[in-house]
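*Asks:* Please find model00.txt (compact mmCIF, C-alpha atoms) on the next line:
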# COMPACT_ATOMS: atom_id res chain seq x y z
CA MET F 1 -30.43 0.57 -16.61
CA ASP F 2 -31.30 3.02 -13.86
CA PHE F 3 -30.05 6.16 -15.59
CA GLU F 4 -30.99 7.84 -18.83
CA ILE F 5 -29.70 11.25 -19.82
CA ASN F 6 -30.63 13.60 -22.62
CA ALA F 7 -27.78 15.11 -24.61
CA GLU F 8 -27.56 17.68 -27.37
CA LYS F 9 -25.02 17.83 -30.16
CA ARG F 10 -22.56 20.61 -29.47
CA GLU F 11 -21.88 23.01 -32.32
CA GLU F 12 -19.78 25.59 -30.46
CA TYR F 13 -16.25 24.95 -29.21
CA GLY F 14 -13.55 26.72 -27.23
CA LYS F 15 -13.23 28.13 -23.71
CA ASN F 16 -15.90 30.80 -24.09
CA ALA F 17 -18.46 28.33 -25.39
CA SER F 18 -17.64 25.89 -22.56
CA ARG F 19 -18.05 28.63 -19.97
CA ARG F 20 -21.49 29.50 -21.35
CA ILE F 21 -22.51 25.86 -21.21
CA ARG F 22 -21.41 25.54 -17.58
CA ARG F 23 -23.22 28.74 -16.60
CA GLU F 24 -26.43 27.08 -17.83
CA GLY F 25 -25.91 24.16 -15.44
CA LYS F 26 -24.65 21.87 -18.18
CA LEU F 27 -21.34 20.27 -19.13
CA PRO F 28 -19.43 20.02 -22.40
CA ALA F 29 -18.78 16.37 -23.23
CA VAL F 30 -17.44 14.11 -25.97
CA LEU F 31 -18.81 10.63 -26.69
CA TYR F 32 -16.24 8.14 -27.99
CA GLY F 33 -16.71 4.58 -29.18
CA ALA F 34 -15.81 1.94 -31.72
CA LYS F 35 -19.15 2.26 -33.48
CA THR F 36 -19.40 6.03 -33.31
CA LYS F 37 -17.15 8.91 -34.28
CA ALA F 38 -16.13 11.32 -31.54
CA LEU F 39 -19.34 13.22 -30.91
CA PRO F 40 -19.25 16.59 -29.04
CA LEU F 41 -22.25 16.87 -26.71
CA THR F 42 -23.84 19.00 -24.03
CA VAL F 43 -25.25 17.13 -21.00
CA GLU F 44 -27.00 18.13 -17.78
CA LYS F 45 -24.56 18.50 -14.89
CA ALA F 46 -27.10 17.20 -12.37
CA ASP F 47 -27.46 13.93 -14.33
CA ILE F 48 -23.71 13.32 -14.28
CA ILE F 49 -23.39 14.06 -10.57
CA ALA F 50 -26.22 11.60 -9.84
CA ILE F 51 -24.40 8.91 -11.82
CA LEU F 52 -21.07 9.54 -10.08
CA LYS F 53 -22.76 9.40 -6.66
CA SER F 54 -24.44 6.06 -7.39
CA ASP F 55 -23.08 2.81 -5.94
CA SER F 56 -21.31 1.88 -9.19
CA GLY F 57 -19.94 5.39 -9.78
CA GLU F 58 -17.86 5.73 -12.94
CA ASN F 59 -18.66 2.12 -13.88
CA THR F 60 -22.37 2.87 -14.17
CA LEU F 61 -24.02 1.96 -17.46
CA PHE F 62 -26.58 4.50 -18.67
CA ASN F 63 -28.51 5.46 -21.79
CA VAL F 64 -27.62 8.62 -23.68
CA LYS F 65 -30.40 9.99 -25.87
CA VAL F 66 -29.08 12.13 -28.73
CA GLY F 67 -31.96 13.03 -31.00
CA ALA F 68 -33.39 9.75 -32.33
CA ASP F 69 -30.35 7.75 -31.16
CA ASN F 70 -30.30 5.89 -27.87
CA LEU F 71 -26.78 4.76 -26.92
CA THR F 72 -25.40 2.78 -23.98
CA ALA F 73 -22.48 4.61 -22.39
CA MET F 74 -20.14 4.89 -19.43
CA ILE F 75 -18.06 7.73 -18.04
CA LYS F 76 -14.53 7.35 -19.40
CA ASP F 77 -12.95 10.36 -17.71
CA PHE F 78 -13.71 13.85 -16.43
CA GLN F 79 -11.75 17.00 -15.72
CA THR F 80 -12.25 19.04 -12.57
CA HIS F 81 -11.32 22.56 -11.53
CA PRO F 82 -8.06 22.45 -9.51
CA VAL F 83 -9.46 24.64 -6.71
CA ARG F 84 -13.26 24.31 -6.66
CA ASP F 85 -13.37 20.56 -7.40
CA GLU F 86 -16.06 21.32 -9.99
CA ILE F 87 -16.49 19.16 -13.11
CA LEU F 88 -15.40 21.08 -16.21
CA HIS F 89 -15.47 18.53 -19.02
CA LEU F 90 -16.63 14.97 -19.53
CA ASP F 91 -15.53 12.07 -21.73
CA LEU F 92 -18.07 9.31 -22.37
CA ILE F 93 -17.53 5.99 -24.10
CA HIS F 94 -20.11 4.18 -26.20
CA VAL F 95 -20.32 0.60 -24.87
CA ALA F 96 -21.12 -2.48 -26.94
CA MET F 97 -22.87 -4.93 -24.61
CA ASP F 98 -21.37 -7.97 -26.38
CA LYS F 99 -17.74 -6.83 -26.02
CA LYS F 100 -15.58 -7.08 -22.93
CA ILE F 101 -14.18 -3.87 -21.45
CA LYS F 102 -11.45 -3.04 -18.95
CA VAL F 103 -12.44 -1.10 -15.84
CA SER F 104 -11.13 -0.39 -12.35
CA VAL F 105 -13.31 -1.57 -9.47
CA ALA F 106 -13.07 -0.47 -5.84
CA VAL F 107 -12.00 -2.89 -3.09
CA GLU F 108 -14.45 -3.29 -0.19
CA ILE F 109 -13.10 -4.72 3.09
CA VAL F 110 -15.50 -7.17 4.80
CA GLY F 111 -15.32 -8.43 8.39
CA GLU F 112 -13.00 -7.73 11.32
CA ALA F 113 -9.65 -9.49 11.33
CA VAL F 114 -8.58 -11.67 14.27
CA GLY F 115 -5.35 -9.69 14.25
CA VAL F 116 -7.31 -6.50 14.88
CA LYS F 117 -9.95 -7.82 17.26
CA ASN F 118 -7.73 -9.95 19.50
CA GLU F 119 -4.11 -9.08 18.78
CA GLY F 120 -4.03 -5.28 18.70
CA GLY F 121 -3.20 -4.85 15.02
CA PHE F 122 -4.81 -2.57 12.47
CA THR F 123 -6.03 -2.98 8.90
CA ASP F 124 -3.75 -1.40 6.29
CA LEU F 125 -5.44 -1.25 2.88
CA MET F 126 -2.66 -1.28 0.28
CA SER F 127 -4.70 -1.44 -2.95
CA ARG F 128 -7.97 0.45 -3.20
CA GLU F 129 -8.83 -0.58 -6.78
CA LEU F 130 -8.32 -3.60 -9.02
CA GLU F 131 -8.34 -3.66 -12.80
CA ILE F 132 -10.66 -6.23 -14.34
CA GLU F 133 -12.02 -7.25 -17.73
CA CYS F 134 -15.57 -8.43 -18.35
CA LEU F 135 -18.77 -7.80 -20.28
CA PRO F 136 -20.46 -4.51 -19.35
CA ASN F 137 -23.49 -6.16 -17.78
CA VAL F 138 -21.45 -8.13 -15.20
CA ILE F 139 -19.24 -5.34 -13.86
CA PRO F 140 -19.31 -5.73 -10.04
CA GLU F 141 -19.99 -2.63 -7.94
CA GLN F 142 -16.98 -3.55 -5.80
CA ILE F 143 -14.66 -6.46 -5.04
CA GLU F 144 -15.31 -7.75 -1.51
CA VAL F 145 -12.25 -8.87 0.47
CA ASP F 146 -13.01 -10.89 3.63
CA ILE F 147 -10.27 -10.31 6.22
CA THR F 148 -11.94 -12.14 9.14
CA GLU F 149 -9.32 -14.93 9.41
CA LEU F 150 -6.23 -12.72 9.12
CA HIS F 151 -3.82 -12.60 12.08
CA MET F 152 -1.18 -9.97 12.84
CA HIS F 153 1.37 -9.61 10.01
CA GLN F 154 -0.75 -11.68 7.61
CA SER F 155 -1.90 -10.29 4.27
CA LEU F 156 -4.08 -11.03 1.27
CA LYS F 157 -2.89 -10.75 -2.32
CA VAL F 158 -4.88 -10.53 -5.54
CA GLY F 159 -4.07 -14.19 -6.22
CA ASP F 160 -5.79 -15.21 -2.97
CA LEU F 161 -9.18 -13.90 -4.08
CA THR F 162 -12.07 -15.54 -5.92
CA PHE F 163 -13.77 -13.37 -8.52
CA PRO F 164 -17.36 -13.54 -9.85
CA PRO F 165 -18.02 -15.67 -12.96
CA GLY F 166 -17.11 -13.87 -16.16
CA VAL F 167 -14.73 -11.46 -14.41
CA LYS F 168 -11.02 -11.66 -15.28
CA VAL F 169 -8.61 -9.82 -13.01
CA LEU F 170 -5.78 -7.97 -14.76
CA THR F 171 -3.94 -6.71 -11.68
CA ASP F 172 -0.77 -8.68 -10.87
CA PRO F 173 -1.63 -11.70 -8.65
CA ASP F 174 1.27 -10.82 -6.30
CA THR F 175 -0.16 -7.36 -5.56
CA VAL F 176 -0.88 -7.03 -1.83
CA ILE F 177 -4.40 -5.79 -1.16
CA VAL F 178 -4.50 -5.65 2.62
CA VAL F 179 -2.17 -6.42 5.53
CA ILE F 180 -2.86 -6.63 9.25
CA ALA F 181 -0.05 -4.47 10.59
CA ALA F 182 1.29 -4.05 14.09
CA PRO F 183 1.21 -0.66 15.84
CA ALA F 184 4.35 1.43 15.42
CA LYS F 185 5.78 0.51 18.86
CA GLU F 186 5.30 -3.19 18.16
CA GLU F 187 7.05 -2.83 14.80
CA GLU F 188 9.94 -1.00 16.47
CA LYS F 189 10.25 -3.81 19.03
CA ILE F 190 10.38 -6.43 16.28
CA VAL F 191 13.04 -4.47 14.40
CA GLU F 192 15.10 -4.07 17.60
CA GLU F 193 14.88 -7.81 18.31
CA GLU F 194 15.96 -8.59 14.76
CA GLU F 195 18.87 -6.15 15.02
CA GLU F 196 19.92 -7.63 18.39
CA GLY F 197 19.82 -11.11 16.90
CA LEU F 198 21.92 -9.98 13.94
CA GLU F 199 24.45 -8.25 16.21
CA ALA F 200 24.72 -11.38 18.38
CA ALA F 201 25.32 -13.55 15.32
CA GLU F 202 27.96 -11.14 14.03
CA GLY F 203 29.63 -11.14 17.49
CA GLU F 204 29.78 -14.93 17.55
CA GLU F 205 31.25 -14.99 14.06
CA ALA F 206 33.90 -12.40 15.00
CA GLU F 207 34.78 -14.38 18.14
CA LYS F 208 35.26 -17.54 16.08
CA GLU F 209 37.52 -15.68 13.64
CA ASP F 210 39.60 -14.25 16.52
CA LYS F 211 39.96 -17.69 18.09
CA ALA F 212 40.96 -19.22 14.77
CA GLY F 213 43.58 -16.47 14.34
CA GLU F 214 45.05 -17.13 17.79
CA GLU F 215 45.28 -20.86 17.20
CA SER F 216 46.99 -20.20 13.87
CA ALA F 217 49.52 -17.89 15.52
CA GLU F 218 50.29 -20.44 18.24
CA GLY F 219 50.86 -23.08 15.61
CA GLU F 220 53.48 -20.92 13.96
Let me see whether you can do it: turn the structure in this file into structure tokens.

*Replies:*
Amino acid sequence: MDFEINAEKREEYGKNASRRIRREGKLPAVLYGAKTKALPLTVEKADIIAILKSDSGENTLFNVKVGADNLTAMIKDFQTHPVRDEILHLDLIHVAMDKKIKVSVAVEIVGEAVGVKNEGGFTDLMSRELEIECLPNVIPEQIEVDITELHMHQSLKVGDLTFPPGVKVLTDPDTVIVVIAAPAKEEEKIVEEEEEGLEAAEGEEAEKEDKAGEESAEGE
């Protein structure tokens, strides 16, 4: 593991205590896990920011040293200030390396679609994250989605993808990940053509009904 952070057991609680901790450049945190009771901690803010800025972000595995204990953990959640976008509190989870966990992994688009390069479309990313289940040591940094062969109006769904060995996708297979969409004017043209076709069909149907009515009246 690339990251190791030192943590101290937190004895003081409440808003005032948390403010003091943050003024010292640290963060109040709680470590949760099946093998450990909820453990209030104080961690270095700089360490957490470095983890969040890494390629694997919130899915990064790191060691937490608490006294003589050395625990493998991940960031479970964090609270931020609504205005300053500053981290206020942190939840960590103790990870057992032999047990599968559920995490969300970012989608990474790869390649340039034919529908964009040659047909004037654009890439519309519909799902930015996928939920997966796997052992902690095989969590992918991202799920790559190759769109090279997609034409205008074509899309890729979760069920179209191949995932790394040991990774089980939990997101619905019918969930659309990406679509190669037409520009707004092109979409409007398609809608107009569809509406014109529908109106023509309705006109033909009305004409048939009128003709049938006339023939019926003549018969009488």

*Asks:* Please provide the set of residues having any atom within 10 Å of F:Ser54, restricted to all atoms listed in the file, with same-chain residues fewer than 4 positions apart removed, written as a ChimeraX atom specification.

*Replies:* /F:2-3,49-50,58-60,141

*Asks:* Considering only C-alpha atoms, return as a list in words whatever protein or nucleic-acid residues lie within 10 Å of F:Ile147, sequence-local ones (same chain, fewer than 2 positions apart) excluded.

*Replies:* Ile109, Val110, Gly111, Glu112, Ala113, Val114, Gly115, Val116, Thr123, Glu144, Val145, Glu149, Leu150, His151, Gln154, Ser155, Leu156, Val178, Val179 and Ile180 of chain F

*Asks:* Neighbouring residues of F:Pro173 were defined as those with any atom within 10 Å, considering only C-alpha atoms; residues of the same chain fewer than 3 positions away were excluded. Please report them as a PDB file with C-alpha atoms, in the coordinates of the input.

*Replies:*
ATOM      1  CA  LYS F 157      -2.890 -10.750  -2.320  1.00  0.00           C
ATOM      2  CA  VAL F 158      -4.880 -10.530  -5.540  1.00  0.00           C
ATOM      3  CA  GLY F 159      -4.070 -14.190  -6.220  1.00  0.00           C
ATOM      4  CA  ASP F 160      -5.790 -15.210  -2.970  1.00  0.00           C
ATOM      5  CA  LEU F 161      -9.180 -13.900  -4.080  1.00  0.00           C
ATOM      6  CA  VAL F 169      -8.610  -9.820 -13.010  1.00  0.00           C
ATOM      7  CA  LEU F 170      -5.780  -7.970 -14.760  1.00  0.00           C
ATOM      8  CA  VAL F 176      -0.880  -7.030  -1.830  1.00  0.00           C
ATOM      9  CA  ILE F 177      -4.400  -5.790  -1.160  1.00  0.00           C
TER      10      ILE F 177
END

*Asks:* Please measure the separation of atom CA of F:Ile51 and atom CA of F:Ala73, giving the value in Å to one decimal.

*Replies:* 11.6 Å

*Asks:* Looking at F:Glu8, F:Glu44, F:Glu129, F:Glu119, which one is nearest to F:Gly25, with distances taken over all atoms listed in the file?

*Replies:*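 Ranking F:Glu8, F:Glu44, F:Glu129, F:Glu119 by distance to F:Gly25, first place goes to F:Glu44.
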
*Asks:* Which residue out of F:Val64, F:Leu125, F:Ala7, F:Ile87 has the minimum interatomic distance to F:Pro40 when only C-alpha atoms are used?

*Replies:*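 Comparing F:Val64, F:Leu125, F:Ala7, F:Ile87 against F:Pro40, the winner is F:Ala7.
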
*Asks:* Just want the 12 Å neighbourhood of F:Leu39, counted on all atoms listed in the file, with same-chain residues fewer than 3 positions away dropped. Output as a list in words.

*Replies:*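 Residues near the query, excluding close chain neighbours: Ala7, Glu8, Lys9, Arg10, Glu11, Pro28, Ala29, Val30, Leu31, Tyr32, Gly33, Ala34, Lys35, Thr36, Thr42, Val64, Val66, Leu71, Leu90, Asp91, Leu92, Ile93 and His94 of chain F.
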
*Asks:* Near F:Val138, counting all atoms listed in the file, which residues have an atom at most 8 Å away, once you skip same-chain residues fewer than 3 positions from it, shown as number ranges by chain?

*Replies:* F: 134-135, 166-167

*Asks:* Between atom CA of F:Ile5 and atom CA of F:Glu131, measure the distance and give it in Å to one decimal.

*Replies:*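 If I compute the distance from atom CA of F:Ile5 to atom CA of F:Glu131, I get 27.0 Å.
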
*Asks:* Can you work out the spacing between atom CA of F:Leu27 and atom CA of F:Gly57 in Å, to one decimal?

*Replies:*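 According to the coordinates, atom CA of F:Leu27 and atom CA of F:Gly57 are separated by 17.6 Å.
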
*Asks:* Pick the closest to F:Val103 from F:Asp85, F:Asp146, F:Asp47, F:Thr171: which is it, counting all atoms listed in the file?

*Replies:* F:Thr171
